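Structure first, then comments.
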Amino acid sequence: MNFWNFVVQNRLEIADLTLEHLWMVSVSTLLALAVGIPLGILISRRPALRKPVIAAANIIQTIPSLALFGFLLPAPWIGARAMRLAILALMLYALLPLIRNTYAGIIGVDRGVILAARGMGLTESQLLFKVQLPLAASVILAGVRVAIVISIGLATIAAAIGAGGLGELIFRGLAMVNNSVILAGAVPAALMALAADTMLGWLEKRFTPQHAD
């Protein structure tokens, strides 16, 4: 059976697994945004925390994905459900680009702009939300872009612990030595990653400050 025949005959299953994959990536990314961006802001305000926070995020990135799933299995409430476990693991992997890009974006704001804003009487909170974060938006979005593409790829491995997603087709195809089944999982995941990268790339350009000549 060739690839297209397999896709047509199993389109409903592929659609369900694609939705599962998208759900895992979406929830894990939202959780990573809720943790990573505040941490990036925090270390931009407290330089002493920068090295330990980024080092911790780097260490998480170096742990092989299957090993991380194994480390998280004993976690109460989380380890009992494969989907929850996969979402937590994906969230942890997405933290590094979010933290680093948020920090880099805020620190990279022109010093003259910050001094001018302070001279106008803006408080630190107003400076952050009205000046630094808007100017850092394109850099932060670049981090979000990297985090989502990484998560889409890593989510395929979640099938190894029964979390569902397109990885189920990939692992099934590997067990059957069937390229059509492997491609039925790999192609939608690749298209999802390309679509997310294209959309976020467009947003990144939209938020990039335009300098007058």
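Ordering of the structure tokens sets the chain letters (A, B, ...); residue numbers start at 1 within each chain; ligands are numbered from 1 in the order shown.
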message = So that I can check the surroundings of A:Ala193, please list as a list of chain:residue names every protein, DNA and RNA residue that reaches within 9 Å of it, counting only C-alpha atoms and ignoring chain neighbours fewer than 2 positions away.
response = A:Ile148, A:Val149, A:Ile150, A:Ser151, A:Ile152, A:Gly153, A:Pro188, A:Ala189, A:Ala190, A:Leu191, A:Ala195, A:Ala196, A:Asp197, A:Thr198
Export all heavy atoms of the chosen residues as a tab-separated table (two decimals), in the first residue's frame?
```tsv
chain	number	residue	atom	x	y	z
A	148	ILE	N	8.10	26.43	19.67
A	148	ILE	CA	7.00	25.68	19.07
A	148	ILE	C	7.50	24.63	18.08
A	148	ILE	O	7.03	23.48	18.09
A	148	ILE	CB	6.00	26.64	18.39
A	148	ILE	CG1	5.25	27.44	19.46
A	148	ILE	CG2	5.01	25.87	17.52
A	148	ILE	CD1	4.28	28.45	18.91
A	149	VAL	N	8.46	25.00	17.26
A	149	VAL	CA	9.00	24.04	16.29
A	149	VAL	C	9.67	22.86	17.01
A	149	VAL	O	9.48	21.69	16.62
A	149	VAL	CB	9.99	24.73	15.33
A	149	VAL	CG1	10.69	23.71	14.45
A	149	VAL	CG2	9.26	25.76	14.46
A	150	ILE	N	10.41	23.15	18.08
A	150	ILE	CA	11.02	22.08	18.88
A	150	ILE	C	9.94	21.17	19.47
A	150	ILE	O	10.04	19.94	19.43
A	150	ILE	CB	11.89	22.68	20.00
A	150	ILE	CG1	13.17	23.29	19.42
A	150	ILE	CG2	12.25	21.61	21.04
A	150	ILE	CD1	14.00	24.05	20.44
A	151	SER	N	8.88	21.79	20.01
A	151	SER	CA	7.82	21.02	20.66
A	151	SER	C	7.09	20.12	19.68
A	151	SER	O	6.74	18.98	20.01
A	151	SER	CB	6.82	21.97	21.33
A	151	SER	OG	7.41	22.66	22.40
A	152	ILE	N	6.85	20.61	18.47
A	152	ILE	CA	6.16	19.78	17.46
A	152	ILE	C	6.98	18.54	17.14
A	152	ILE	O	6.44	17.43	17.02
A	152	ILE	CB	5.87	20.60	16.18
A	152	ILE	CG1	4.81	21.68	16.47
A	152	ILE	CG2	5.40	19.69	15.05
A	152	ILE	CD1	4.62	22.68	15.36
A	153	GLY	N	8.29	18.70	17.03
A	153	GLY	CA	9.15	17.56	16.75
A	153	GLY	C	9.24	16.60	17.92
A	153	GLY	O	9.09	15.38	17.75
A	188	PRO	N	2.44	15.09	8.35
A	188	PRO	CA	1.61	16.10	9.04
A	188	PRO	C	2.38	16.86	10.12
A	188	PRO	O	2.16	18.08	10.29
A	188	PRO	CB	0.48	15.26	9.66
A	188	PRO	CG	0.42	14.03	8.85
A	188	PRO	CD	1.82	13.75	8.44
A	189	ALA	N	3.29	16.20	10.82
A	189	ALA	CA	4.08	16.88	11.84
A	189	ALA	C	5.00	17.92	11.20
A	189	ALA	O	5.14	19.05	11.70
A	189	ALA	CB	4.91	15.86	12.64
A	190	ALA	N	5.61	17.55	10.07
A	190	ALA	CA	6.49	18.50	9.37
A	190	ALA	C	5.69	19.68	8.83
A	190	ALA	O	6.13	20.84	8.93
A	190	ALA	CB	7.20	17.78	8.22
A	191	LEU	N	4.50	19.42	8.28
A	191	LEU	CA	3.66	20.51	7.76
A	191	LEU	C	3.21	21.44	8.89
A	191	LEU	O	3.14	22.66	8.72
A	191	LEU	CB	2.45	19.93	7.03
A	191	LEU	CG	2.74	19.21	5.71
A	191	LEU	CD1	1.47	18.58	5.16
A	191	LEU	CD2	3.34	20.18	4.70
A	195	ALA	N	4.09	25.36	9.04
A	195	ALA	CA	3.02	26.35	9.14
A	195	ALA	C	3.24	27.26	10.34
A	195	ALA	O	3.10	28.49	10.24
A	195	ALA	CB	1.67	25.65	9.25
A	196	ALA	N	3.61	26.66	11.48
A	196	ALA	CA	3.85	27.46	12.69
A	196	ALA	C	5.05	28.38	12.49
A	196	ALA	O	5.01	29.56	12.87
A	196	ALA	CB	4.09	26.53	13.88
A	197	ASP	N	6.11	27.87	11.87
A	197	ASP	CA	7.31	28.67	11.64
A	197	ASP	C	7.02	29.84	10.69
A	197	ASP	O	7.47	30.96	10.93
A	197	ASP	CB	8.41	27.79	11.06
A	197	ASP	CG	9.73	28.52	10.90
A	197	ASP	OD1	10.30	28.93	11.93
A	197	ASP	OD2	10.18	28.70	9.76
A	198	THR	N	6.24	29.58	9.65
A	198	THR	CA	5.90	30.63	8.69
A	198	THR	C	5.04	31.72	9.33
A	198	THR	O	5.30	32.92	9.16
A	198	THR	CB	5.16	30.04	7.48
A	198	THR	OG1	5.99	29.06	6.86
A	198	THR	CG2	4.81	31.11	6.48
```
task = List every residue of chain A that DSSP, applied to the backbone, labels as helix (DSSP H, G or I), and write the result as a ChimeraX atom specification.
result = /A:3-9,11-45,47-62,65-72,82-107,111-119,124-161,167-176,179-207
Which residues of stretch 144-178 of chain A come within 10 Å of stretch 58-67 of chain A, and what is each one's closest atom pair and distance in Å (one decimal), counting only C-alpha atoms, sorted by chain and residue number, as CSV?
```
residue,atom,partner,partner_atom,distance
A:Leu154,CA,A:Ser65,CA,7.5
A:Ala155,CA,A:Ser65,CA,9.6
A:Ile157,CA,A:Leu66,CA,7.5
A:Ala158,CA,A:Leu66,CA,8.2
A:Ala160,CA,A:Leu66,CA,8.0
A:Ile161,CA,A:Leu66,CA,8.6
```
Could you write out the selected residues, including N, CA, C and O atoms, as a compact mmCIF listing (two decimals), in the first residue's frame?
```txt
# COMPACT_ATOMS: atom_id res chain seq x y z
N LEU A 154 9.43 17.13 19.12
CA LEU A 154 9.57 16.28 20.30
C LEU A 154 8.27 15.59 20.68
O LEU A 154 8.30 14.52 21.29
N ALA A 155 7.14 16.18 20.33
CA ALA A 155 5.85 15.58 20.68
C ALA A 155 5.66 14.22 20.01
O ALA A 155 4.88 13.40 20.49
N ILE A 157 7.77 11.90 20.03
CA ILE A 157 8.38 10.90 20.92
C ILE A 157 7.42 10.55 22.06
O ILE A 157 7.53 9.49 22.67
N ALA A 158 6.45 11.42 22.33
CA ALA A 158 5.51 11.18 23.42
C ALA A 158 4.71 9.90 23.20
O ALA A 158 4.19 9.30 24.16
N ALA A 160 5.82 7.13 22.63
CA ALA A 160 6.55 6.02 23.27
C ALA A 160 6.02 5.71 24.66
O ALA A 160 6.20 4.60 25.17
N ILE A 161 5.35 6.69 25.31
CA ILE A 161 4.78 6.45 26.64
C ILE A 161 3.25 6.40 26.57
O ILE A 161 2.58 6.49 27.59
```
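Distances here use only C-alpha atoms; by that measure, the residue among A:Ala159, A:Val131, A:Leu95, A:Ala48 closest to A:Ala117 is A:Val131.
With distances restricted to only C-alpha atoms, A:Gly185 is the closest residue to A:Phe3 from A:Gly108, A:Gly185, A:Pro97, A:Gly121.
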key: Residue nearest A:Glu204 among A:Ile37, A:Ile170, A:Ala136, A:Val177 (counting only C-alpha atoms)   = A:Ala136
Using 7 Å as the limit and counting only C-alpha atoms, can you tabulate each residue of stretch 1-107 of chain A that touches stretch 139-144 of chain A, with its shortest atom-to-atom distance in Å and the two atoms involved, as a Markdown table?
```
| residue | atom | partner | partner_atom | distance |
| --- | --- | --- | --- | --- |
| A:Pro97 | CA | A:Gly143 | CA | 4.8 |
| A:Leu98 | CA | A:Gly143 | CA | 5.0 |
| A:Asn101 | CA | A:Ile140 | CA | 5.2 |
| A:Thr102 | CA | A:Ile140 | CA | 5.1 |
| A:Gly105 | CA | A:Val139 | CA | 5.3 |
```
